[in-house]
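Colleague: Handing you a structure now.
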Amino acid sequence: MNRRIVVILLGVVAILLFLPLVVAERYTSPTQDGQYTGNPIRAYRFVFAAATVSPASELNTSGEALDRAKTLFAGTDLLPNRVELLFLGGAEDYRYTTIHGDDLFVGKPETFMWEVWGVTTDGTEAASDVIALLDYRTGRLLASIQ
């Protein structure tokens, strides 16, 4: 019986240790892949921040964020096709350089942002890449390649 309890406790400990890593890797942008396995405390911070985020935020879901992006870029040569969640958790500044060399910069970002991925419709870029950043809480456009 004692052996069974030890096995169960070890299983619970393993779940508590690894579940936040899996959740953080799954629900954040691929541009952040690997950041959580190398820094498990960051994964716990993500889970805590996600659990305590205000439901009054403007863009609580990826669907809401993609709809906002499509509205913002309607009539332009940018075509949003997906969004990914960024967890910044206290970053001083955030800078992302696209595969095409465009810089997206946000000074003192909030905890969460949406990365807007898309393509240009003018025929110059075929690969989908980050084209803009949206604020999770307000829905405001923070940066774009335009």
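Lettering and numbering for the structure tokens are positional, with chains as A, B, ... in the shown order, residues counted from 1 in each chain, and ligands counted from 1 in the shown order.
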At most 12 Å is the cut-off: for each residue in region 7-27 of chain A with any atom that close to an atom of region 35-53 of chain A, write down the nearest atom pair and the distance in Å rounded to one decimal, counting only C-alpha atoms, chain first then increasing number, as JSON lines.

Modeller:
```
{"residue": "A:Leu16", "atom": "CA", "partner": "A:Tyr44", "partner_atom": "CA", "distance": 9.8}
{"residue": "A:Leu17", "atom": "CA", "partner": "A:Pro40", "partner_atom": "CA", "distance": 8.3}
{"residue": "A:Phe18", "atom": "CA", "partner": "A:Pro40", "partner_atom": "CA", "distance": 8.5}
{"residue": "A:Leu19", "atom": "CA", "partner": "A:Ala43", "partner_atom": "CA", "distance": 9.1}
{"residue": "A:Pro20", "atom": "CA", "partner": "A:Ala43", "partner_atom": "CA", "distance": 5.5}
{"residue": "A:Leu21", "atom": "CA", "partner": "A:Ala43", "partner_atom": "CA", "distance": 5.3}
{"residue": "A:Val22", "atom": "CA", "partner": "A:Ala43", "partner_atom": "CA", "distance": 8.4}
{"residue": "A:Val23", "atom": "CA", "partner": "A:Val47", "partner_atom": "CA", "distance": 7.5}
{"residue": "A:Ala24", "atom": "CA", "partner": "A:Ala43", "partner_atom": "CA", "distance": 5.6}
{"residue": "A:Glu25", "atom": "CA", "partner": "A:Tyr36", "partner_atom": "CA", "distance": 6.7}
{"residue": "A:Arg26", "atom": "CA", "partner": "A:Tyr36", "partner_atom": "CA", "distance": 10.4}
{"residue": "A:Tyr27", "atom": "CA", "partner": "A:Phe46", "partner_atom": "CA", "distance": 9.7}
```

Colleague: Restricting it to C-alpha atoms, dump the selection as a compact mmCIF listing (two decimals), in the first residue's frame.

Modeller:
```txt
# COMPACT_ATOMS: atom_id res chain seq x y z
CA LEU A 16 2.48 19.39 -11.59
CA LEU A 17 6.02 19.79 -12.91
CA PHE A 18 5.40 19.10 -16.59
CA LEU A 19 1.80 20.18 -17.27
CA PRO A 20 2.58 23.93 -17.20
CA LEU A 21 5.40 23.35 -19.72
CA VAL A 22 3.08 21.52 -22.11
CA VAL A 23 0.29 24.09 -21.71
CA ALA A 24 2.63 27.05 -22.30
CA GLU A 25 4.22 25.46 -25.37
CA ARG A 26 0.81 24.56 -26.81
CA TYR A 27 -0.96 27.87 -26.28
```

Colleague: Excluding same-chain residues fewer than 6 positions from region 99-112 of chain A, what lies within 10 Å of it counting only C-alpha atoms, as a count of residues only?

Modeller: 31

Colleague: Calculated over only C-alpha atoms, which of the candidates A:Tyr94, A:Asp77, A:Leu141, A:Glu84 has the smallest distance to Val119 (chain A)?

Modeller: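 Comparing A:Tyr94, A:Asp77, A:Leu141, A:Glu84 against Val119 (chain A), the winner is A:Asp77.
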
Colleague: Quick check for you: according to DSSP on this backbone, which residues of chain A are classed as strand (DSSP E or B)? Reply as a PDB file with N, CA and C atoms, in the first residue's frame.

Modeller:
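Final output, saved to result-v2.pdb:
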```pdb
ATOM      1  N   LEU A  78      -2.322  43.663 -47.030  1.00  0.00           N
ATOM      2  CA  LEU A  78      -2.001  42.648 -46.024  1.00  0.00           C
ATOM      3  C   LEU A  78      -3.229  41.782 -45.769  1.00  0.00           C
ATOM      4  N   LEU A  79      -3.041  40.477 -45.813  1.00  0.00           N
ATOM      5  CA  LEU A  79      -4.135  39.539 -45.613  1.00  0.00           C
ATOM      6  C   LEU A  79      -3.836  38.649 -44.404  1.00  0.00           C
ATOM      7  N   PRO A  80      -4.415  38.979 -43.242  1.00  0.00           N
ATOM      8  CA  PRO A  80      -4.207  38.154 -42.045  1.00  0.00           C
ATOM      9  C   PRO A  80      -4.828  36.774 -42.240  1.00  0.00           C
ATOM     10  N   ASN A  81      -4.089  35.715 -41.827  1.00  0.00           N
ATOM     11  CA  ASN A  81      -4.643  34.372 -41.959  1.00  0.00           C
ATOM     12  C   ASN A  81      -4.621  33.560 -40.669  1.00  0.00           C
ATOM     13  N   ARG A  82      -3.966  34.064 -39.621  1.00  0.00           N
ATOM     14  CA  ARG A  82      -4.006  33.415 -38.313  1.00  0.00           C
ATOM     15  C   ARG A  82      -3.421  34.360 -37.269  1.00  0.00           C
ATOM     16  N   VAL A  83      -3.678  34.048 -36.016  1.00  0.00           N
ATOM     17  CA  VAL A  83      -3.096  34.798 -34.903  1.00  0.00           C
ATOM     18  C   VAL A  83      -2.510  33.796 -33.912  1.00  0.00           C
ATOM     19  N   GLU A  84      -1.503  34.243 -33.189  1.00  0.00           N
ATOM     20  CA  GLU A  84      -0.855  33.417 -32.164  1.00  0.00           C
ATOM     21  C   GLU A  84      -0.666  34.275 -30.923  1.00  0.00           C
ATOM     22  N   LEU A  85      -0.821  33.661 -29.769  1.00  0.00           N
ATOM     23  CA  LEU A  85      -0.690  34.365 -28.503  1.00  0.00           C
ATOM     24  C   LEU A  85       0.775  34.493 -28.104  1.00  0.00           C
ATOM     25  N   LEU A  86       1.160  35.694 -27.710  1.00  0.00           N
ATOM     26  CA  LEU A  86       2.501  35.942 -27.170  1.00  0.00           C
ATOM     27  C   LEU A  86       2.375  36.219 -25.687  1.00  0.00           C
ATOM     28  N   PHE A  87       3.183  35.531 -24.892  1.00  0.00           N
ATOM     29  CA  PHE A  87       3.263  35.811 -23.463  1.00  0.00           C
ATOM     30  C   PHE A  87       4.562  36.545 -23.230  1.00  0.00           C
ATOM     31  N   ASP A  93      10.914  45.544 -23.356  1.00  0.00           N
ATOM     32  CA  ASP A  93      10.533  45.893 -24.723  1.00  0.00           C
ATOM     33  C   ASP A  93      10.409  44.596 -25.506  1.00  0.00           C
ATOM     34  N   TYR A  94       9.666  44.646 -26.604  1.00  0.00           N
ATOM     35  CA  TYR A  94       9.550  43.466 -27.457  1.00  0.00           C
ATOM     36  C   TYR A  94       9.874  43.875 -28.881  1.00  0.00           C
ATOM     37  N   ARG A  95      10.762  43.116 -29.508  1.00  0.00           N
ATOM     38  CA  ARG A  95      11.130  43.359 -30.906  1.00  0.00           C
ATOM     39  C   ARG A  95      11.093  42.034 -31.643  1.00  0.00           C
ATOM     40  N   TYR A  96      10.457  42.052 -32.800  1.00  0.00           N
ATOM     41  CA  TYR A  96      10.416  40.858 -33.650  1.00  0.00           C
ATOM     42  C   TYR A  96      10.843  41.284 -35.049  1.00  0.00           C
ATOM     43  N   THR A  97      11.764  40.556 -35.610  1.00  0.00           N
ATOM     44  CA  THR A  97      12.195  40.802 -36.987  1.00  0.00           C
ATOM     45  C   THR A  97      11.619  39.690 -37.855  1.00  0.00           C
ATOM     46  N   ASP A 103      10.986  45.121 -38.965  1.00  0.00           N
ATOM     47  CA  ASP A 103      11.044  45.139 -37.507  1.00  0.00           C
ATOM     48  C   ASP A 103       9.700  45.571 -36.932  1.00  0.00           C
ATOM     49  N   LEU A 104       9.208  44.776 -35.986  1.00  0.00           N
ATOM     50  CA  LEU A 104       8.020  45.143 -35.221  1.00  0.00           C
ATOM     51  C   LEU A 104       8.491  45.384 -33.798  1.00  0.00           C
ATOM     52  N   PHE A 105       8.181  46.556 -33.258  1.00  0.00           N
ATOM     53  CA  PHE A 105       8.672  46.928 -31.933  1.00  0.00           C
ATOM     54  C   PHE A 105       7.526  47.441 -31.083  1.00  0.00           C
ATOM     55  N   VAL A 106       7.497  46.979 -29.815  1.00  0.00           N
ATOM     56  CA  VAL A 106       6.533  47.477 -28.834  1.00  0.00           C
ATOM     57  C   VAL A 106       7.312  47.767 -27.555  1.00  0.00           C
ATOM     58  N   GLY A 107       7.278  49.010 -27.127  1.00  0.00           N
ATOM     59  CA  GLY A 107       7.932  49.381 -25.882  1.00  0.00           C
ATOM     60  C   GLY A 107       7.049  49.072 -24.684  1.00  0.00           C
ATOM     61  N   PHE A 112       0.177  40.014 -22.378  1.00  0.00           N
ATOM     62  CA  PHE A 112      -0.174  39.244 -23.567  1.00  0.00           C
ATOM     63  C   PHE A 112      -0.349  40.158 -24.774  1.00  0.00           C
ATOM     64  N   MET A 113       0.034  39.644 -25.940  1.00  0.00           N
ATOM     65  CA  MET A 113      -0.211  40.294 -27.231  1.00  0.00           C
ATOM     66  C   MET A 113      -0.612  39.198 -28.205  1.00  0.00           C
ATOM     67  N   TRP A 114      -1.263  39.609 -29.278  1.00  0.00           N
ATOM     68  CA  TRP A 114      -1.552  38.692 -30.370  1.00  0.00           C
ATOM     69  C   TRP A 114      -0.602  38.989 -31.519  1.00  0.00           C
ATOM     70  N   GLU A 115       0.054  37.969 -32.003  1.00  0.00           N
ATOM     71  CA  GLU A 115       0.843  38.056 -33.228  1.00  0.00           C
ATOM     72  C   GLU A 115      -0.121  37.792 -34.369  1.00  0.00           C
ATOM     73  N   VAL A 116      -0.153  38.682 -35.330  1.00  0.00           N
ATOM     74  CA  VAL A 116      -0.999  38.491 -36.507  1.00  0.00           C
ATOM     75  C   VAL A 116      -0.100  37.987 -37.634  1.00  0.00           C
ATOM     76  N   TRP A 117      -0.422  36.821 -38.144  1.00  0.00           N
ATOM     77  CA  TRP A 117       0.321  36.247 -39.259  1.00  0.00           C
ATOM     78  C   TRP A 117      -0.481  36.466 -40.527  1.00  0.00           C
ATOM     79  N   GLY A 118       0.215  36.623 -41.645  1.00  0.00           N
ATOM     80  CA  GLY A 118      -0.482  36.806 -42.902  1.00  0.00           C
ATOM     81  C   GLY A 118       0.479  36.915 -44.065  1.00  0.00           C
ATOM     82  N   VAL A 119      -0.074  37.268 -45.190  1.00  0.00           N
ATOM     83  CA  VAL A 119       0.683  37.431 -46.427  1.00  0.00           C
ATOM     84  C   VAL A 119       0.306  38.756 -47.057  1.00  0.00           C
ATOM     85  N   THR A 120       1.137  39.199 -47.977  1.00  0.00           N
ATOM     86  CA  THR A 120       0.769  40.388 -48.744  1.00  0.00           C
ATOM     87  C   THR A 120       0.073  39.931 -50.020  1.00  0.00           C
ATOM     88  N   ASP A 129       3.997  35.148 -42.545  1.00  0.00           N
ATOM     89  CA  ASP A 129       4.902  35.629 -41.507  1.00  0.00           C
ATOM     90  C   ASP A 129       4.129  36.611 -40.629  1.00  0.00           C
ATOM     91  N   VAL A 130       4.739  37.034 -39.550  1.00  0.00           N
ATOM     92  CA  VAL A 130       4.108  38.003 -38.661  1.00  0.00           C
ATOM     93  C   VAL A 130       4.009  39.339 -39.395  1.00  0.00           C
ATOM     94  N   ILE A 131       2.800  39.889 -39.423  1.00  0.00           N
ATOM     95  CA  ILE A 131       2.598  41.163 -40.104  1.00  0.00           C
ATOM     96  C   ILE A 131       2.185  42.275 -39.138  1.00  0.00           C
ATOM     97  N   ALA A 132       1.756  41.888 -37.917  1.00  0.00           N
ATOM     98  CA  ALA A 132       1.305  42.909 -36.962  1.00  0.00           C
ATOM     99  C   ALA A 132       1.235  42.324 -35.552  1.00  0.00           C
ATOM    100  N   LEU A 133       1.116  43.231 -34.585  1.00  0.00           N
ATOM    101  CA  LEU A 133       0.936  42.866 -33.174  1.00  0.00           C
ATOM    102  C   LEU A 133      -0.266  43.630 -32.635  1.00  0.00           C
ATOM    103  N   LEU A 134      -1.153  42.913 -31.955  1.00  0.00           N
ATOM    104  CA  LEU A 134      -2.346  43.521 -31.363  1.00  0.00           C
ATOM    105  C   LEU A 134      -2.302  43.383 -29.847  1.00  0.00           C
ATOM    106  N   ASP A 135      -2.777  44.399 -29.163  1.00  0.00           N
ATOM    107  CA  ASP A 135      -2.855  44.350 -27.709  1.00  0.00           C
ATOM    108  C   ASP A 135      -4.019  43.452 -27.295  1.00  0.00           C
ATOM    109  N   LEU A 141      -3.971  48.163 -32.327  1.00  0.00           N
ATOM    110  CA  LEU A 141      -2.827  47.799 -33.167  1.00  0.00           C
ATOM    111  C   LEU A 141      -1.573  48.407 -32.560  1.00  0.00           C
ATOM    112  N   LEU A 142      -0.615  47.561 -32.227  1.00  0.00           N
ATOM    113  CA  LEU A 142       0.616  48.034 -31.577  1.00  0.00           C
ATOM    114  C   LEU A 142       1.747  48.248 -32.576  1.00  0.00           C
ATOM    115  N   ALA A 143       1.801  47.415 -33.596  1.00  0.00           N
ATOM    116  CA  ALA A 143       2.856  47.521 -34.613  1.00  0.00           C
ATOM    117  C   ALA A 143       2.425  46.728 -35.837  1.00  0.00           C
ATOM    118  N   SER A 144       2.881  47.173 -36.996  1.00  0.00           N
ATOM    119  CA  SER A 144       2.623  46.416 -38.220  1.00  0.00           C
ATOM    120  C   SER A 144       3.738  46.678 -39.219  1.00  0.00           C
TER     121      SER A 144
END
```
